[in-house]
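Colleague: Contents of coords20.pdb (PDB, C-alpha atoms) are below:
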ATOM      1  CA  MET W 668       0.773  -3.981   5.925  1.00  0.00           C
ATOM      2  CA  CYS W 669       0.949  -7.150   7.911  1.00  0.00           C
ATOM      3  CA  ASP W 670      -1.543  -9.269   5.978  1.00  0.00           C
ATOM      4  CA  TYR W 671      -1.915 -12.869   7.126  1.00  0.00           C
ATOM      5  CA  SER W 672      -0.217 -14.162   3.980  1.00  0.00           C
ATOM      6  CA  LEU W 673       2.994 -12.212   4.757  1.00  0.00           C
ATOM      7  CA  HIS W 674       3.668 -13.786   8.154  1.00  0.00           C
ATOM      8  CA  ASN W 675       6.583 -15.813   6.727  1.00  0.00           C
ATOM      9  CA  VAL W 676       8.228 -12.741   5.175  1.00  0.00           C
ATOM     10  CA  ALA W 677      10.627 -10.387   6.942  1.00  0.00           C
ATOM     11  CA  THR W 678       9.023  -6.985   7.571  1.00  0.00           C
ATOM     12  CA  ARG W 679       9.945  -3.479   8.639  1.00  0.00           C
ATOM     13  CA  PRO W 680       7.831  -0.399   9.303  1.00  0.00           C
ATOM     14  CA  ALA W 681       7.352   2.230   6.600  1.00  0.00           C
ATOM     15  CA  GLN W 682       9.075   5.578   6.910  1.00  0.00           C
ATOM     16  CA  ILE W 683       8.251   8.912   5.298  1.00  0.00           C
ATOM     17  CA  GLU W 684       9.887   9.221   1.856  1.00  0.00           C
ATOM     18  CA  ASP W 685      10.432   5.434   1.543  1.00  0.00           C
ATOM     19  CA  LYS W 686      10.636   4.433  -2.118  1.00  0.00           C
ATOM     20  CA  LEU W 687       8.487   1.322  -2.555  1.00  0.00           C
ATOM     21  CA  VAL W 688       7.855  -1.181  -5.307  1.00  0.00           C
ATOM     22  CA  THR W 689       4.966  -3.636  -5.606  1.00  0.00           C
ATOM     23  CA  THR W 690       6.440  -7.097  -5.192  1.00  0.00           C
ATOM     24  CA  LYS W 691       5.477 -10.776  -5.101  1.00  0.00           C
ATOM     25  CA  PHE W 692       7.387 -12.288  -2.182  1.00  0.00           C
ATOM     26  CA  ASN W 693       9.038 -15.701  -2.506  1.00  0.00           C
ATOM     27  CA  ASN W 694       7.665 -17.148   0.745  1.00  0.00           C
ATOM     28  CA  SER W 695       4.131 -15.921   0.187  1.00  0.00           C
ATOM     29  CA  ILE W 696       1.111 -16.322  -2.045  1.00  0.00           C
ATOM     30  CA  THR W 697       0.526 -12.597  -2.238  1.00  0.00           C
ATOM     31  CA  ARG W 698       1.951  -9.246  -3.216  1.00  0.00           C
ATOM     32  CA  GLY W 699       2.890  -6.303  -1.098  1.00  0.00           C
ATOM     33  CA  PHE W 700       5.330  -3.421  -0.916  1.00  0.00           C
ATOM     34  CA  ALA W 701       9.092  -3.750  -0.620  1.00  0.00           C
ATOM     35  CA  ALA W 702      11.575  -0.915  -0.382  1.00  0.00           C
ATOM     36  CA  VAL W 703      13.585  -0.351  -3.543  1.00  0.00           C
ATOM     37  CA  GLY W 704      16.803  -2.317  -2.982  1.00  0.00           C
ATOM     38  CA  GLU W 705      15.236  -4.606  -0.322  1.00  0.00           C
ATOM     39  CA  PRO W 706      13.160  -7.044  -2.414  1.00  0.00           C
ATOM     40  CA  HIS W 707      12.836  -9.712   0.296  1.00  0.00           C
ATOM     41  CA  VAL W 708      11.558  -7.409   3.084  1.00  0.00           C
ATOM     42  CA  ALA W 709       7.895  -6.374   3.198  1.00  0.00           C
ATOM     43  CA  VAL W 710       7.358  -2.757   4.199  1.00  0.00           C
ATOM     44  CA  CYS W 711       4.575  -2.529   6.797  1.00  0.00           C
ATOM     45  CA  LEU W 712       2.090   0.253   6.034  1.00  0.00           C
ATOM     46  CA  LEU W 713      -0.275   1.361   8.755  1.00  0.00           C
ATOM     47  CA  PRO W 714      -3.910   2.169   7.988  1.00  0.00           C
ATOM     48  CA  GLY W 715      -3.969   5.829   7.010  1.00  0.00           C
ATOM     49  CA  THR W 716      -0.511   5.828   5.390  1.00  0.00           C
ATOM     50  CA  GLU W 717      -0.605   7.953   2.254  1.00  0.00           C
ATOM     51  CA  ILE W 718       1.448   7.022  -0.799  1.00  0.00           C
ATOM     52  CA  ALA W 719       1.976   8.428  -4.290  1.00  0.00           C
ATOM     53  CA  PHE W 720       2.708   6.199  -7.255  1.00  0.00           C
ATOM     54  CA  ASP W 721       5.111   7.299  -9.988  1.00  0.00           C
ATOM     55  CA  GLN W 722       2.493   6.501 -12.651  1.00  0.00           C
ATOM     56  CA  ASN W 723      -1.217   5.719 -12.815  1.00  0.00           C
ATOM     57  CA  LEU W 724      -1.807   2.428 -11.048  1.00  0.00           C
ATOM     58  CA  GLU W 725      -2.675  -0.896 -12.688  1.00  0.00           C
ATOM     59  CA  CYS W 726      -4.079  -4.043 -11.111  1.00  0.00           C
ATOM     60  CA  GLU W 727      -5.115  -7.504 -12.208  1.00  0.00           C
ATOM     61  CA  PRO W 728      -8.783  -8.120 -13.030  1.00  0.00           C
ATOM     62  CA  TRP W 729     -10.966  -9.825 -10.382  1.00  0.00           C
ATOM     63  CA  PHE W 730     -11.104 -12.916 -12.591  1.00  0.00           C
ATOM     64  CA  GLY W 731      -9.531 -13.988 -15.840  1.00  0.00           C
ATOM     65  CA  VAL W 732      -5.937 -13.283 -14.748  1.00  0.00           C
ATOM     66  CA  GLY W 733      -3.725 -13.836 -17.776  1.00  0.00           C
ATOM     67  CA  ILE W 734      -6.743 -13.718 -20.080  1.00  0.00           C
ATOM     68  CA  LEU W 735      -8.261 -10.284 -19.505  1.00  0.00           C
ATOM     69  CA  ALA W 736      -6.265  -7.062 -19.668  1.00  0.00           C
ATOM     70  CA  ASN W 737      -5.032  -5.414 -16.474  1.00  0.00           C
ATOM     71  CA  LYS W 738      -7.316  -2.749 -15.043  1.00  0.00           C
ATOM     72  CA  LYS W 739      -5.999   0.804 -15.247  1.00  0.00           C
ATOM     73  CA  ILE W 740      -6.982   2.691 -12.105  1.00  0.00           C
ATOM     74  CA  GLY W 741      -6.110   6.155 -13.423  1.00  0.00           C
ATOM     75  CA  GLN W 742      -4.970   7.358  -9.995  1.00  0.00           C
ATOM     76  CA  GLN W 743      -1.576   7.990  -8.412  1.00  0.00           C
ATOM     77  CA  LEU W 744      -2.424   9.005  -4.830  1.00  0.00           C
ATOM     78  CA  ALA W 745      -3.804   6.488  -2.343  1.00  0.00           C
ATOM     79  CA  ARG W 746      -4.369   5.875   1.342  1.00  0.00           C
ATOM     80  CA  PHE W 747      -3.604   2.439   2.794  1.00  0.00           C
ATOM     81  CA  ARG W 748      -6.386   0.728   4.739  1.00  0.00           C
ATOM     82  CA  GLN W 749      -7.543  -2.718   5.789  1.00  0.00           C
ATOM     83  CA  ILE W 750     -10.839  -4.259   4.691  1.00  0.00           C
ATOM     84  CA  ASN W 751     -12.697  -7.495   5.489  1.00  0.00           C
ATOM     85  CA  THR W 752     -10.993  -7.674   8.900  1.00  0.00           C
ATOM     86  CA  HIS W 753     -13.839  -9.848  10.226  1.00  0.00           C
ATOM     87  CA  ASN W 754     -12.623 -12.672   7.929  1.00  0.00           C
ATOM     88  CA  ALA W 755      -9.215 -13.951   9.077  1.00  0.00           C
ATOM     89  CA  MET W 756      -8.589 -16.028   5.938  1.00  0.00           C
ATOM     90  CA  THR W 757      -8.824 -13.320   3.303  1.00  0.00           C
ATOM     91  CA  HIS W 758      -6.583 -10.480   2.200  1.00  0.00           C
ATOM     92  CA  HIS W 759      -7.057  -7.286   4.187  1.00  0.00           C
ATOM     93  CA  ASP W 760      -4.500  -4.861   2.780  1.00  0.00           C
ATOM     94  CA  ALA W 761      -6.022  -2.375   0.368  1.00  0.00           C
ATOM     95  CA  LEU W 762      -5.573   1.060  -1.149  1.00  0.00           C
ATOM     96  CA  GLU W 763      -8.334   3.645  -1.232  1.00  0.00           C
ATOM     97  CA  PHE W 764      -8.188   6.291  -3.941  1.00  0.00           C
ATOM     98  CA  PRO W 765      -9.566   9.862  -3.858  1.00  0.00           C
ATOM     99  CA  ASP W 766     -12.594   8.799  -5.940  1.00  0.00           C
ATOM    100  CA  GLY W 767     -13.521   6.150  -3.317  1.00  0.00           C
ATOM    101  CA  GLU W 768     -12.353   3.108  -5.272  1.00  0.00           C
ATOM    102  CA  VAL W 769     -10.726   0.419  -3.100  1.00  0.00           C
ATOM    103  CA  VAL W 770      -8.252  -2.118  -4.529  1.00  0.00           C
ATOM    104  CA  LEU W 771      -6.616  -5.009  -2.688  1.00  0.00           C
ATOM    105  CA  VAL W 772      -2.820  -4.740  -2.569  1.00  0.00           C
ATOM    106  CA  SER W 773      -2.663  -8.421  -3.601  1.00  0.00           C
ATOM    107  CA  ARG W 774      -4.169  -7.430  -6.999  1.00  0.00           C
ATOM    108  CA  LEU W 775      -1.568  -4.755  -7.820  1.00  0.00           C
ATOM    109  CA  CYS W 776       0.666  -5.485 -10.800  1.00  0.00           C
ATOM    110  CA  GLU W 777       4.304  -6.078  -9.888  1.00  0.00           C
ATOM    111  CA  GLY W 778       6.985  -3.459 -10.378  1.00  0.00           C
ATOM    112  CA  GLN W 779       4.946  -0.309  -9.744  1.00  0.00           C
ATOM    113  CA  ARG W 780       6.828   2.325  -7.754  1.00  0.00           C
ATOM    114  CA  ALA W 781       5.495   4.579  -5.010  1.00  0.00           C
ATOM    115  CA  THR W 782       6.713   6.980  -2.324  1.00  0.00           C
ATOM    116  CA  VAL W 783       5.440   7.143   1.263  1.00  0.00           C
ATOM    117  CA  LEU W 784       4.133  10.685   1.719  1.00  0.00           C
ATOM    118  CA  GLN W 785       2.659  10.540   5.195  1.00  0.00           C
ATOM    119  CA  LEU W 786       2.207   8.193   8.147  1.00  0.00           C
ATOM    120  CA  PRO W 787      -0.956   8.252  10.265  1.00  0.00           C
ATOM    121  CA  ALA W 788      -0.964  10.378  13.410  1.00  0.00           C
ATOM    122  CA  GLY W 789      -0.655   8.655  16.800  1.00  0.00           C
ATOM    123  CA  VAL W 790      -0.697   5.049  15.548  1.00  0.00           C
ATOM    124  CA  ALA W 791       1.799   2.330  16.473  1.00  0.00           C
ATOM    125  CA  CYS W 792       2.698  -0.683  14.365  1.00  0.00           C
ATOM    126  CA  ARG W 793       2.167  -3.721  16.606  1.00  0.00           C
ATOM    127  CA  ASN W 794       3.077  -6.485  14.149  1.00  0.00           C
ATOM    128  CA  CYS W 795       5.936  -5.095  12.080  1.00  0.00           C
ATOM    129  CA  GLY W 796       8.825  -4.706  14.492  1.00  0.00           C
ATOM    130  CA  GLY W 797       8.711  -1.005  15.264  1.00  0.00           C
ATOM    131  CA  ASP W 798       6.880   1.899  16.816  1.00  0.00           C
ATOM    132  CA  ARG W 799       5.708   4.425  14.238  1.00  0.00           C
ATOM    133  CA  ARG W 800       3.990   6.936  16.528  1.00  0.00           C
ATOM    134  CA  ARG W 801       3.459  10.415  15.139  1.00  0.00           C
ATOM    135  CA  THR W 802       1.853  13.475  16.569  1.00  0.00           C
ATOM    136  CA  ALA W 803      -0.831  15.558  14.935  1.00  0.00           C
ATOM    137  CA  ALA W 804       1.599  18.501  14.852  1.00  0.00           C
ATOM    138  CA  SER W 805       3.844  16.604  12.447  1.00  0.00           C
ATOM    139  CA  ARG W 806       1.007  15.660  10.065  1.00  0.00           C
ATOM    140  CA  ILE W 807       1.382  16.760   6.442  1.00  0.00           C
ATOM    141  CA  LEU W 808      -1.700  17.748   4.475  1.00  0.00           C
ATOM    142  CA  VAL W 809      -1.186  15.426   1.540  1.00  0.00           C
ATOM    143  CA  PHE W 810      -4.746  15.229   0.308  1.00  0.00           C
ATOM    144  CA  ASP W 811      -4.422  18.873  -0.723  1.00  0.00           C
ATOM    145  CA  LEU W 812      -2.213  17.399  -3.455  1.00  0.00           C
ATOM    146  CA  ILE W 813      -5.158  15.317  -4.628  1.00  0.00           C
ATOM    147  CA  ALA W 814      -7.216  18.411  -5.356  1.00  0.00           C
ATOM    148  CA  GLN W 815      -4.292  19.882  -7.298  1.00  0.00           C
ATOM    149  CA  THR W 816      -3.805  16.641  -9.252  1.00  0.00           C
ATOM    150  CA  ASP W 817      -7.502  16.359 -10.121  1.00  0.00           C
ATOM    151  CA  THR W 818      -7.533  19.817 -11.704  1.00  0.00           C
ATOM    152  CA  ARG W 819      -4.712  19.082 -14.158  1.00  0.00           C
TER     153      ARG W 819
END
What does this structure look like when you write it as structure tokens?
Modeller:
Amino acid sequence: MCDYSLHNVATRPAQIEDKLVTTKFNNSITRGFAAVGEPHVAVCLLPGTEIAFDQNLECEPWFGVGILANKKIGQQLARFRQINTHNAMTHHDALEFPDGEVVLVSRLCEGQRATVLQLPAGVACRNCGGDRRRTAASRILVFDLIAQTDTR
């Protein structure tokens, strides 16, 4: 997660088992993830990072913020990705859910907690101050959890 609107915020790369909270950063117009206990440092998620929220996710509506009710996603597991990368002046950071729904991170309601379950294999973080390379041998099969969650 190194969205253009977080360039004035301190960042660090995500690690497996990081406890995150959705946060609005002081020096930014957007929201992102901070580690619990580090509210002023954005945690950089790489595309393919898998996270699990403590509760079903909620986000703000596309329009009518403050007027319309928040949207309840009804999902707890998500994979981080970037969208609209061809447009430099828009938010790119998003979460994709097992049902295919994609939600911009900037729309997430503040204060929601999540845990990093898995980092992508063989990918390095170029913009967040660290190398997060992983091998395929160390990959955890997290989306098996999705099938188990969907059957409950």
Colleague: Could you check which of W:Leu784, W:Ala677, W:Leu775, W:Ile750 is closest to Pro714 in chain W, using all atoms listed in the file?
Modeller: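 Using all atoms listed in the file, Pro714 in chain W sits closest to W:Ile750.
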Colleague: Which residues of range 717-756 of chain W sit at most 10 Å from range 764-774 of chain W, using all atoms listed in the file? Give each one's shortest atom pair and distance in Å (one decimal place), in chain and ascending residue order, as CSV.
Modeller:
residue,atom,partner,partner_atom,distance
W:Glu717,CA,W:Phe764,CA,9.9
W:Glu725,CA,W:Arg774,CA,8.8
W:Cys726,CA,W:Arg774,CA,5.3
W:Glu727,CA,W:Arg774,CA,5.3
W:Pro728,CA,W:Arg774,CA,7.6
W:Trp729,CA,W:Arg774,CA,8.0
W:Val732,CA,W:Arg774,CA,9.9
W:Asn737,CA,W:Arg774,CA,9.7
W:Lys738,CA,W:Arg774,CA,9.8
W:Ile740,CA,W:Glu768,CA,8.7
W:Gly741,CA,W:Phe764,CA,9.7
W:Gln742,CA,W:Phe764,CA,6.9
W:Gln743,CA,W:Phe764,CA,8.2
W:Leu744,CA,W:Phe764,CA,6.4
W:Ala745,CA,W:Phe764,CA,4.7
W:Arg746,CA,W:Phe764,CA,6.5
W:Phe747,CA,W:Val772,CA,9.0
W:Arg748,CA,W:Val769,CA,9.0
W:Gln749,CA,W:Leu771,CA,8.8
W:Ile750,CA,W:Leu771,CA,8.5
Colleague: What does the structure give for the distance between CA of Leu712 in chain W and CA of His758 in chain W, in Å to one decimal?
Modeller: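 Rounded to one decimal, the two atoms are 14.3 Å apart.
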Colleague: Between W:Thr757, W:Thr782, W:Gln682, W:Val710, which one has atoms that come closest to Ile696 in chain W, using only C-alpha atoms?
Modeller: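 Comparing W:Thr757, W:Thr782, W:Gln682, W:Val710 against Ile696 in chain W, the winner is W:Thr757.
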Colleague: I need the residue nearest Arg679 in chain W from this list: W:Glu705, W:Lys691, W:Cys711, W:His753. Use all atoms listed in the file for the distance.
Modeller: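 Under the stated criterion, the closest residue is W:Cys711.
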Colleague: Record the distance separating CA of His674 in chain W and CA of Asp760 in chain W, expressed in Å with one decimal.
Modeller: 13.2 Å
Colleague: Please determine, counting only C-alpha atoms, which residue among W:Leu786, W:Leu724, W:Met756, W:Ala702 has the shortest atom-to-atom distance to Asp685 in chain W.
Modeller: W:Ala702
Colleague: Tell me which residues the PyMOL selection byres ((chain W and resi 720) around 6) grabs here, as a PDB file with C-alpha atoms, in the coordinates of the input.
Modeller:
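Output below, filename result-v3.pdb:
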ATOM      1  CA  ALA W 719       1.976   8.428  -4.290  1.00  0.00           C
ATOM      2  CA  ASP W 721       5.111   7.299  -9.988  1.00  0.00           C
ATOM      3  CA  GLN W 722       2.493   6.501 -12.651  1.00  0.00           C
ATOM      4  CA  GLN W 743      -1.576   7.990  -8.412  1.00  0.00           C
ATOM      5  CA  ARG W 780       6.828   2.325  -7.754  1.00  0.00           C
ATOM      6  CA  ALA W 781       5.495   4.579  -5.010  1.00  0.00           C
TER       7      ALA W 781
END
Colleague: In terms of the shortest atom-to-atom distance over only C-alpha atoms, which of W:Ile683, W:Cys776, W:Ala736, W:Pro787 is closest to Thr697 in chain W?
Modeller: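 Checking each candidate against Thr697 in chain W, we get W:Cys776 as the closest.
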Colleague: Between CA of Ala761 in chain W and CA of Val783 in chain W, what is the distance in Å, rounded to a tenth?
Modeller: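 That distance, rounded to one decimal, is 14.9 Å.
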Colleague: Which residue, W:Ala681, W:Arg698, W:His759, W:Leu735, has the smallest gap to Leu713 in chain W when you use only C-alpha atoms?
Modeller: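 Closest to Leu713 in chain W of all the choices is W:Ala681.
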